[in-house]
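Below is the file work-v8.txt, which contains compact mmCIF, C-alpha atoms.
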# COMPACT_ATOMS: atom_id res chain seq x y z
CA MET A 602 33.98 -3.65 -4.32
CA ALA A 603 31.96 -3.05 -1.16
CA LEU A 604 28.41 -1.72 -1.30
CA SER A 605 27.67 1.68 0.20
CA ARG A 606 25.60 1.74 3.40
CA THR A 607 24.27 5.22 2.65
CA VAL A 608 20.59 5.79 1.94
CA GLU A 609 20.26 7.82 -1.26
CA LEU A 610 17.45 10.01 -2.60
CA PHE A 611 17.07 10.93 -6.26
CA PRO A 612 14.30 12.36 -8.43
CA MET A 613 12.31 10.16 -10.77
CA GLU A 614 13.26 10.72 -14.39
CA ARG A 615 10.03 11.23 -16.26
CA SER A 616 8.70 12.05 -19.68
CA GLN A 617 5.23 13.13 -20.73
CA HIS A 618 3.46 11.90 -23.83
CA GLY A 619 0.03 13.46 -24.18
CA GLU A 620 -1.77 13.05 -20.87
CA ALA A 621 0.45 10.16 -19.73
CA VAL A 622 3.59 10.59 -17.62
CA PHE A 623 6.17 7.80 -17.82
CA SER A 624 8.95 7.00 -15.40
CA ALA A 625 12.32 6.01 -16.78
CA PRO A 626 12.93 2.35 -15.91
CA ARG A 627 15.06 1.48 -12.88
CA ALA A 628 17.63 -1.25 -13.19
CA SER A 629 16.39 -4.14 -11.04
CA ASP A 630 16.40 -7.89 -10.65
CA GLU A 631 12.81 -7.98 -9.43
CA THR A 632 9.97 -5.46 -9.14
CA LEU A 633 7.54 -5.66 -6.24
CA ILE A 634 4.42 -3.68 -5.37
CA ALA A 635 3.57 -3.20 -1.69
CA GLU A 636 0.54 -1.70 -0.01
CA ILE A 637 1.25 -0.05 3.33
CA ALA A 638 -1.78 0.27 5.58
CA SER A 639 -2.44 3.26 7.81
CA GLY A 640 -1.09 2.99 11.31
CA ASP A 641 2.04 2.69 13.36
CA SER A 642 3.49 -0.79 13.24
CA PHE A 643 6.81 -0.51 15.15
CA GLU A 644 8.43 -2.84 12.58
CA LEU A 645 11.75 -2.77 10.78
CA PHE A 646 13.10 -4.82 7.90
CA CYS A 647 16.78 -5.43 7.22
CA HIS A 648 17.89 -7.17 4.02
CA ARG A 649 21.21 -9.01 3.85
CA PHE A 650 21.75 -9.21 0.08
CA GLN A 651 19.20 -6.80 -1.35
CA THR A 652 19.02 -3.10 -2.19
CA ASP A 653 15.50 -1.64 -2.05
CA GLN A 654 14.65 1.15 -4.47
CA LEU A 655 11.30 2.60 -3.39
CA LEU A 656 8.89 5.03 -5.04
CA VAL A 657 5.45 5.94 -3.66
CA LEU A 658 2.79 5.59 -6.36
CA ARG A 659 -0.27 6.43 -4.24
CA GLY A 660 -0.59 8.17 -0.89
CA SER A 661 2.35 8.99 1.33
CA ILE A 662 4.59 7.37 3.90
CA ASP A 663 7.32 8.34 6.29
CA LEU A 664 10.16 5.98 5.58
CA VAL A 665 12.18 5.42 8.75
CA VAL A 666 15.78 4.22 8.55
CA LEU A 667 18.06 3.27 11.42
CA GLN A 668 21.57 4.64 10.98
CA ASN A 669 24.18 5.48 13.61
CA ARG A 670 21.77 4.35 16.35
CA GLN A 671 19.30 7.05 15.34
CA LEU A 672 16.00 6.84 13.47
CA ARG A 673 15.81 9.12 10.44
CA ARG A 674 12.49 10.05 8.78
CA ILE A 675 12.23 10.50 5.01
CA ALA A 676 8.86 11.81 3.81
CA LEU A 677 7.74 10.25 0.51
CA ARG A 678 4.62 11.39 -1.36
CA GLU A 679 3.00 10.35 -4.60
CA ASP A 680 3.25 13.84 -6.09
CA GLU A 681 7.01 14.21 -5.53
CA GLY A 682 8.36 11.39 -7.71
CA LEU A 683 11.29 10.73 -5.37
CA TRP A 684 13.17 7.42 -5.36
CA VAL A 685 14.95 6.23 -2.24
CA ARG A 686 17.69 3.59 -2.41
CA ILE A 687 18.26 1.54 0.76
CA PRO A 688 21.39 -0.63 0.68
CA PRO A 689 21.74 -4.02 2.38
CA GLY A 690 22.17 -3.99 6.14
CA VAL A 691 20.18 -0.79 6.79
CA PRO A 692 17.11 -1.42 8.99
CA HIS A 693 14.05 0.41 7.68
CA GLY A 694 10.29 0.62 8.12
CA ALA A 695 7.36 2.81 7.16
CA ILE A 696 4.71 4.87 8.90
CA ASN A 697 1.53 5.68 6.99
CA ARG A 698 -0.33 8.52 8.70
CA GLY A 699 -2.78 8.92 5.81
CA ARG A 700 -6.34 7.66 5.55
CA ILE A 701 -5.70 5.41 2.55
CA PRO A 702 -3.17 2.61 2.12
CA ALA A 703 -0.02 3.80 0.36
CA LEU A 704 1.07 1.97 -2.77
CA VAL A 705 4.84 1.59 -3.21
CA VAL A 706 6.94 0.09 -6.00
CA ASN A 707 10.24 -1.56 -5.08
CA ALA A 708 12.80 -2.10 -7.87
CA VAL A 709 14.91 -4.68 -6.01
CA LEU A 710 18.61 -5.19 -6.72
CA ARG A 711 19.88 -8.61 -5.58
CA HIS A 712 23.44 -9.08 -4.34
CA GLY A 713 23.05 -12.72 -3.33
CA PRO A 714 20.35 -15.27 -2.59
CA SER A 715 17.07 -14.14 -1.08
CA ASP A 716 16.80 -14.96 2.62
CA PRO A 717 13.32 -15.58 4.12
CA ARG A 718 14.41 -13.70 7.27
CA ASP A 719 14.65 -10.52 5.17
CA TYR A 720 10.87 -10.40 4.91
CA ARG A 721 10.08 -11.07 8.55
CA PRO A 722 9.55 -7.79 10.38
CA LEU A 723 11.63 -7.12 13.46
CA PRO A 724 10.24 -5.04 16.32
CA VAL A 725 11.70 -1.57 16.78
CA PRO A 726 14.11 -1.90 19.73
CA LEU A 727 12.52 -0.76 23.01
CA GLN A 728 15.14 1.98 23.51
CA LEU A 729 14.08 3.54 20.16
CA ARG A 730 10.29 3.31 20.54
CA SER A 731 9.88 6.77 22.04
CA GLN A 732 11.87 8.22 19.15
CA TRP A 733 9.67 6.24 16.69
CA ARG A 734 6.53 7.63 18.36
CA ARG A 735 7.86 11.20 18.02
CA LEU A 736 8.48 10.61 14.30
CA ALA A 737 4.98 9.18 13.90
CA VAL A 738 3.34 12.38 15.17
CA ALA A 739 5.81 14.89 13.68
How does the structure come out when it is put into structure tokens?
Amino acid sequence: MALSRTVELFPMERSQHGEAVFSAPRASDETLIAEIASGDSFELFCHRFQTDQLLVLRGSIDLVVLQNRQLRRIALREDEGLWVRIPPGVPHGAINRGRIPALVVNAVLRHGPSDPRDYRPLPVPLQLRSQWRRLAVA
């Protein structure tokens, strides 16, 4: 069965117990925490055998995905509790326009061996940089 190449958005399932709010666990092979600094990096990542499942815990980011030769912006904020699932082969990056670093959890699904190239950022292609800049100020 082939994996979908569609980016999906879905709400965080949550429950409240007293003053604490808990997220339902996400199925994953590995859980990573990333801090995304403020600024505009012009970088994309593309994983070969990995699905990223991202949730912003602190701050906000504009997730940018490259599909059909177009950049698409997905706004993610800590107060929304929105998961985004990025399948293998979909280039993606983040823009943090806030004043504080954003904190993001990634519940990674592995579909094969990890490849070191998956974690080396690639520059946004020159022909898409003006579109990236427009997204960064939108």
Extract, using all atoms listed in the file, all DNA, RNA and protein residues at most 9 Å from Glu679 of chain A, discarding same-chain residues fewer than 3 positions from it, and format them as a PDB file with C-alpha atoms, in the coordinates of the input.
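New file result-v7.pdb:
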ATOM      1  CA  LEU A 656       8.890   5.030  -5.040  1.00  0.00           C
ATOM      2  CA  VAL A 657       5.450   5.940  -3.660  1.00  0.00           C
ATOM      3  CA  LEU A 658       2.790   5.590  -6.360  1.00  0.00           C
ATOM      4  CA  ARG A 659      -0.270   6.430  -4.240  1.00  0.00           C
ATOM      5  CA  GLY A 660      -0.590   8.170  -0.890  1.00  0.00           C
ATOM      6  CA  SER A 661       2.350   8.990   1.330  1.00  0.00           C
ATOM      7  CA  GLY A 682       8.360  11.390  -7.710  1.00  0.00           C
ATOM      8  CA  LEU A 683      11.290  10.730  -5.370  1.00  0.00           C
ATOM      9  CA  ALA A 703      -0.020   3.800   0.360  1.00  0.00           C
ATOM     10  CA  LEU A 704       1.070   1.970  -2.770  1.00  0.00           C
TER      11      LEU A 704
END
Inset, instruction - Fewer than 3 positions away in the same chain doesn't count, so skip those; otherwise give me all residues within 9 Å of Asp716 of chain A, counting all atoms listed in the file, as a PyMOL selection string. - result: chain A and resi 648-650+713+719-720
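Interatomic distance, atom CA of Val665 of chain A against atom CA of Ala628 of chain A: 23.6 Å.
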Inset, instruction - Identify which of the residues A:Met613, A:Leu736, A:Leu655, A:Leu664 lies closest to Val685 of chain A, counting all atoms listed in the file when measuring atom-to-atom distances. - result: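 The closest residue to Val685 of chain A is A:Leu655.
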Inset, instruction - Counting all atoms listed in the file, note down every residue that has an atom within 7 Å of the point (6.2, 5.6, 17.0) (file coordinates), as number ranges by chain. - result: A: 641, 643, 730-737
Legend entry - Counting all atoms listed in the file, the residue of A:Leu710, A:Ile701, A:Ile662, A:Leu723 that sits nearest Pro689 of chain A: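 Checking each candidate against Pro689 of chain A, we get A:Leu710 as the closest.
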Inset, instruction - Would you work out the distance separating atom CA of Glu644 of chain A from atom CA of Ile675 of chain A, expressed in Å to one decimal? - result: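 Taking atom CA of Glu644 of chain A and atom CA of Ile675 of chain A, their separation equals 15.8 Å.
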Would you compute, for all listed atoms of segment 718-730 of chain A, the axis-aligned bounding box grown by 4 Å on each side, and then report its centre and edge lengths in Å rounded to one decimal, as lines of an AutoDock Vina configuration file?
center_x = 12.3
center_y = -5.1
center_z = 14.2
size_x = 13.6
size_y = 25.2
size_z = 26.6
